[in-house]
Amino acid sequence: MLKLQTPVDCGHSGIGISYSDKILVLGSCFADNIGQKMVQAGFDVCVNPFGTLYNPMSLKHALARLASGRHFTADDCVAMGASANKICSFWHHTSFARDTEEEFLSNANAALDAAHDFYQNCNKIILTLGTSFCYANDGNVVSNCLKRPAGEFNRYMLQALETEAVLAEIIGKTDKKFILTVSPIRHMADGAAANQLSKASLIVAVANACRQFSGKAEYFPAYEIVMDELRDYRFYAEDMVHPSAQAINYIWERFTDFALPATEKEKLLAAEKLYRQSLHRPIL
């Protein structure tokens, strides 16, 4: 038979996920996509409680905040730029922005309290790294620039050894187990060559971290699946950068084959069927 794809062998996870796990999902837009699939499939999951995060340093800061549960205060509040007239923080995605400091802090700290409680009891963490590029404001790496002037930030790229050290700190300080992925979503604002360099740096760092923490951290090749098996623009959204719904569904199937025990596949299929049925409105 004529081959029309370059298959990516994912193997089967020794860590995996199951319906008995409490699973935290953090990272880029791809983490949002897979996290939402997990919610729909009935897993006990918490997805991006600070909003979408892109770089390794932001993931490190988010996990430290979840571990401590330390509340955000007025000192964390930042007025967004570009005449947005909203308040957010450098530790949140702009989806958390609100009209006033009080509204922002109330919402952000409520989400933090719930996520802190979840984190205390979770046993699996899925991290999706999006880019090696970081933006620092006053020496601190931010999760989002909040549309403020570029002159307020210092942009730089973490080298593979730096990202590896960040991952070692994250994984080494907890007994929780990790599944690591590199987002297939390209950051084309950096240019095609810089995006490839950024992704390559992440892949090297993740590979080394998984070797260092064998049995505690594993890699799921989402990036490679999209780049090799789905290397056709029909698998992309209109922006030609984000994966299409069809591609997300395909990666979700590959991920569950990789991570879910065969004994729980029927439960997964039943939960997904129940979710699809919930979307249908009866005709009155």
# chains A, B, ... in the order shown; residues from 1 in each chain; ligands from 1
$ residues_around --residues "range 77-93 of chain A" --least-positions-apart "2" --cutoff "12 Å" --atoms "only C-alpha atoms" --output "PyMOL selection string"
chain A and resi 27-29+48-55+57-65+71-75+95-109+111-112+135-138+140-150+152-153
$ select_by_dssp --residues "range 170-200 of chain A" --states "alpha helix (DSSP H)" --output "list in words"
Ile170, Ile171, Gly172, Ala192, Ala193, Ala194, Asn195, Gln196, Leu197, Ser198, Lys199 and Ala200 of chain A
$ atom_distance --atom1 "CA of Pro221 in chain A" --atom2 "CA of Arg155 in chain A"
27.5 Å
$ residues_around --residues "Leu4 in chain A" --least-positions-apart "2" --cutoff "9 Å" --atoms "only C-alpha atoms" --output "PDB file with N, CA and C atoms, in the first residue's frame"
ATOM      1  N   LEU A   2       0.471   2.259  -0.760  1.00  0.00           N
ATOM      2  CA  LEU A   2       1.206   3.511  -0.829  1.00  0.00           C
ATOM      3  C   LEU A   2       1.145   4.228   0.507  1.00  0.00           C
ATOM      4  N   THR A   6       4.394   9.922   7.402  1.00  0.00           N
ATOM      5  CA  THR A   6       5.579   9.441   8.097  1.00  0.00           C
ATOM      6  C   THR A   6       5.156   9.158   9.533  1.00  0.00           C
ATOM      7  N   GLU A 229       3.403  13.663  10.727  1.00  0.00           N
ATOM      8  CA  GLU A 229       2.214  12.939  10.277  1.00  0.00           C
ATOM      9  C   GLU A 229       1.164  13.866   9.660  1.00  0.00           C
TER      10      GLU A 229
END
$ residues_around --residues "Pro261 in chain A" --least-positions-apart "5" --cutoff "12 Å" --atoms "only C-alpha atoms" --output "PyMOL selection string"
chain A and resi 12-20+255-256+266-268
$ write_last_selection --atoms "N, CA and C atoms" --output "mmCIF file, in the first residue's frame"
data_model
loop_
_atom_site.group_PDB
_atom_site.id
_atom_site.type_symbol
_atom_site.label_atom_id
_atom_site.label_comp_id
_atom_site.auth_asym_id
_atom_site.auth_seq_id
_atom_site.Cartn_x
_atom_site.Cartn_y
_atom_site.Cartn_z
ATOM 1 N N HIS A 12 4.213 3.457 24.511
ATOM 2 C CA HIS A 12 3.158 3.519 25.522
ATOM 3 C C HIS A 12 3.752 4.027 26.834
ATOM 4 N N SER A 13 3.067 4.951 27.449
ATOM 5 C CA SER A 13 3.582 5.615 28.640
ATOM 6 C C SER A 13 3.665 4.677 29.835
ATOM 7 N N GLY A 14 4.756 4.801 30.573
ATOM 8 C CA GLY A 14 4.875 4.099 31.842
ATOM 9 C C GLY A 14 4.277 4.887 32.984
ATOM 10 N N ILE A 15 4.019 6.173 32.749
ATOM 11 C CA ILE A 15 3.389 7.047 33.755
ATOM 12 C C ILE A 15 1.896 7.106 33.503
ATOM 13 N N GLY A 16 1.531 7.565 32.307
ATOM 14 C CA GLY A 16 0.146 7.553 31.872
ATOM 15 C C GLY A 16 -0.804 8.393 32.700
ATOM 16 N N ILE A 17 -2.058 8.299 32.333
ATOM 17 C CA ILE A 17 -3.146 8.940 33.071
ATOM 18 C C ILE A 17 -4.273 7.925 33.209
ATOM 19 N N SER A 18 -5.077 8.087 34.245
ATOM 20 C CA SER A 18 -6.248 7.234 34.406
ATOM 21 C C SER A 18 -7.347 8.034 35.080
ATOM 22 N N TYR A 19 -8.518 7.423 35.133
ATOM 23 C CA TYR A 19 -9.647 8.108 35.760
ATOM 24 C C TYR A 19 -9.512 8.184 37.277
ATOM 25 N N SER A 20 -8.525 7.536 37.835
ATOM 26 C CA SER A 20 -8.284 7.634 39.282
ATOM 27 C C SER A 20 -7.288 8.743 39.620
ATOM 28 N N PHE A 255 -2.766 10.650 21.920
ATOM 29 C CA PHE A 255 -2.381 10.828 23.321
ATOM 30 C C PHE A 255 -3.056 9.787 24.215
ATOM 31 N N THR A 256 -4.330 9.528 23.994
ATOM 32 C CA THR A 256 -5.009 8.538 24.829
ATOM 33 C C THR A 256 -4.472 7.132 24.559
ATOM 34 N N GLU A 266 -12.953 1.848 27.335
ATOM 35 C CA GLU A 266 -14.419 1.838 27.253
ATOM 36 C C GLU A 266 -15.016 2.985 28.072
ATOM 37 N N LYS A 267 -14.424 3.255 29.232
ATOM 38 C CA LYS A 267 -14.902 4.365 30.056
ATOM 39 C C LYS A 267 -14.709 5.694 29.335
ATOM 40 N N LEU A 268 -13.579 5.832 28.652
ATOM 41 C CA LEU A 268 -13.313 7.042 27.873
ATOM 42 C C LEU A 268 -14.351 7.216 26.775
#
$ residues_around --residues "Lys177 in chain A" --least-positions-apart "4" --cutoff "12 Å" --atoms "only C-alpha atoms" --output "list in words"
Ser13, Gly14, Ile15, Gly16, Ile17, Asp21, Lys22, Ile23, Leu24, Cys122, Asn123, Lys124, Ile125, Ile126, Leu127, Ile170, Ile171, Gly172, Lys173, Cys210, Phe213, Ser214, Gly215, Lys216, Ala217, Glu218 and Tyr219 of chain A
$ atom_distance --atom1 "CA of Asp117 in chain A" --atom2 "CA of Pro56 in chain A"
22.9 Å
$ atom_distance --atom1 "CA of Met38 in chain A" --atom2 "CA of Arg186 in chain A"
23.0 Å
$ residues_around --residues "Asp239 in chain A" --least-positions-apart "4" --cutoff "12 Å" --atoms "only C-alpha atoms" --output "ChimeraX atom specification"
/A:185-188,233-235,243-244
$ select_by_dssp --residues "range 129-256 of chain A" --states "strand (DSSP E)" --output "list in words"
Leu129, Phe133, Cys134, Tyr135, Ala136, Asn137, Asn140, Val141, Asn154, Arg155, Tyr156, Met157, Lys177, Phe178, Ile179, Leu180, Thr181, Val182, Ala217, Glu218 and Tyr219 of chain A
$ closest_residue --among "A:Leu230, A:Leu26, A:Cys134, A:Leu279" --to "Tyr156 in chain A" --atoms "only C-alpha atoms"
A:Cys134
$ decode --residues "range 239-257 of chain A" --atoms "N, CA and C atoms" --output "mmCIF file, in the first residue's frame"
data_model
loop_
_atom_site.group_PDB
_atom_site.id
_atom_site.type_symbol
_atom_site.label_atom_id
_atom_site.label_comp_id
_atom_site.auth_asym_id
_atom_site.auth_seq_id
_atom_site.Cartn_x
_atom_site.Cartn_y
_atom_site.Cartn_z
ATOM 1 N N ASP A 239 -5.363 30.638 10.415
ATOM 2 C CA ASP A 239 -4.139 31.416 10.579
ATOM 3 C C ASP A 239 -2.896 30.660 10.118
ATOM 4 N N MET A 240 -3.056 29.384 9.722
ATOM 5 C CA MET A 240 -1.974 28.540 9.235
ATOM 6 C C MET A 240 -0.890 28.301 10.288
ATOM 7 N N VAL A 241 -1.228 28.504 11.539
ATOM 8 C CA VAL A 241 -0.290 28.322 12.650
ATOM 9 C C VAL A 241 -0.846 27.341 13.674
ATOM 10 N N HIS A 242 -2.098 27.554 14.084
ATOM 11 C CA HIS A 242 -2.725 26.679 15.067
ATOM 12 C C HIS A 242 -3.286 25.423 14.398
ATOM 13 N N PRO A 243 -3.244 24.278 15.079
ATOM 14 C CA PRO A 243 -3.843 23.069 14.519
ATOM 15 C C PRO A 243 -5.356 23.214 14.391
ATOM 16 N N SER A 244 -5.920 22.578 13.382
ATOM 17 C CA SER A 244 -7.365 22.586 13.197
ATOM 18 C C SER A 244 -8.031 21.679 14.220
ATOM 19 N N ALA A 245 -9.351 21.744 14.281
ATOM 20 C CA ALA A 245 -10.096 20.862 15.191
ATOM 21 C C ALA A 245 -9.825 19.401 14.847
ATOM 22 N N GLN A 246 -9.720 19.097 13.547
ATOM 23 C CA GLN A 246 -9.447 17.731 13.124
ATOM 24 C C GLN A 246 -8.079 17.267 13.634
ATOM 25 N N ALA A 247 -7.085 18.148 13.553
ATOM 26 C CA ALA A 247 -5.747 17.807 14.028
ATOM 27 C C ALA A 247 -5.741 17.608 15.538
ATOM 28 N N ILE A 248 -6.460 18.457 16.265
ATOM 29 C CA ILE A 248 -6.534 18.318 17.723
ATOM 30 C C ILE A 248 -7.179 16.985 18.093
ATOM 31 N N ASN A 249 -8.241 16.635 17.382
ATOM 32 C CA ASN A 249 -8.892 15.339 17.648
ATOM 33 C C ASN A 249 -7.938 14.172 17.381
ATOM 34 N N TYR A 250 -7.147 14.294 16.320
ATOM 35 C CA TYR A 250 -6.197 13.232 15.983
ATOM 36 C C TYR A 250 -5.126 13.097 17.072
ATOM 37 N N ILE A 251 -4.579 14.241 17.512
ATOM 38 C CA ILE A 251 -3.546 14.203 18.555
ATOM 39 C C ILE A 251 -4.125 13.677 19.861
ATOM 40 N N TRP A 252 -5.375 14.028 20.151
ATOM 41 C CA TRP A 252 -6.037 13.517 21.356
ATOM 42 C C TRP A 252 -6.141 11.988 21.294
ATOM 43 N N GLU A 253 -6.503 11.454 20.150
ATOM 44 C CA GLU A 253 -6.567 10.001 20.003
ATOM 45 C C GLU A 253 -5.199 9.368 20.215
ATOM 46 N N ARG A 254 -4.170 9.996 19.623
ATOM 47 C CA ARG A 254 -2.816 9.463 19.801
ATOM 48 C C ARG A 254 -2.377 9.557 21.260
ATOM 49 N N PHE A 255 -2.766 10.650 21.920
ATOM 50 C CA PHE A 255 -2.381 10.828 23.321
ATOM 51 C C PHE A 255 -3.056 9.787 24.215
ATOM 52 N N THR A 256 -4.330 9.528 23.994
ATOM 53 C CA THR A 256 -5.009 8.538 24.829
ATOM 54 C C THR A 256 -4.472 7.132 24.559
ATOM 55 N N ASP A 257 -4.084 6.860 23.310
ATOM 56 C CA ASP A 257 -3.443 5.570 23.019
ATOM 57 C C ASP A 257 -2.116 5.442 23.766
#
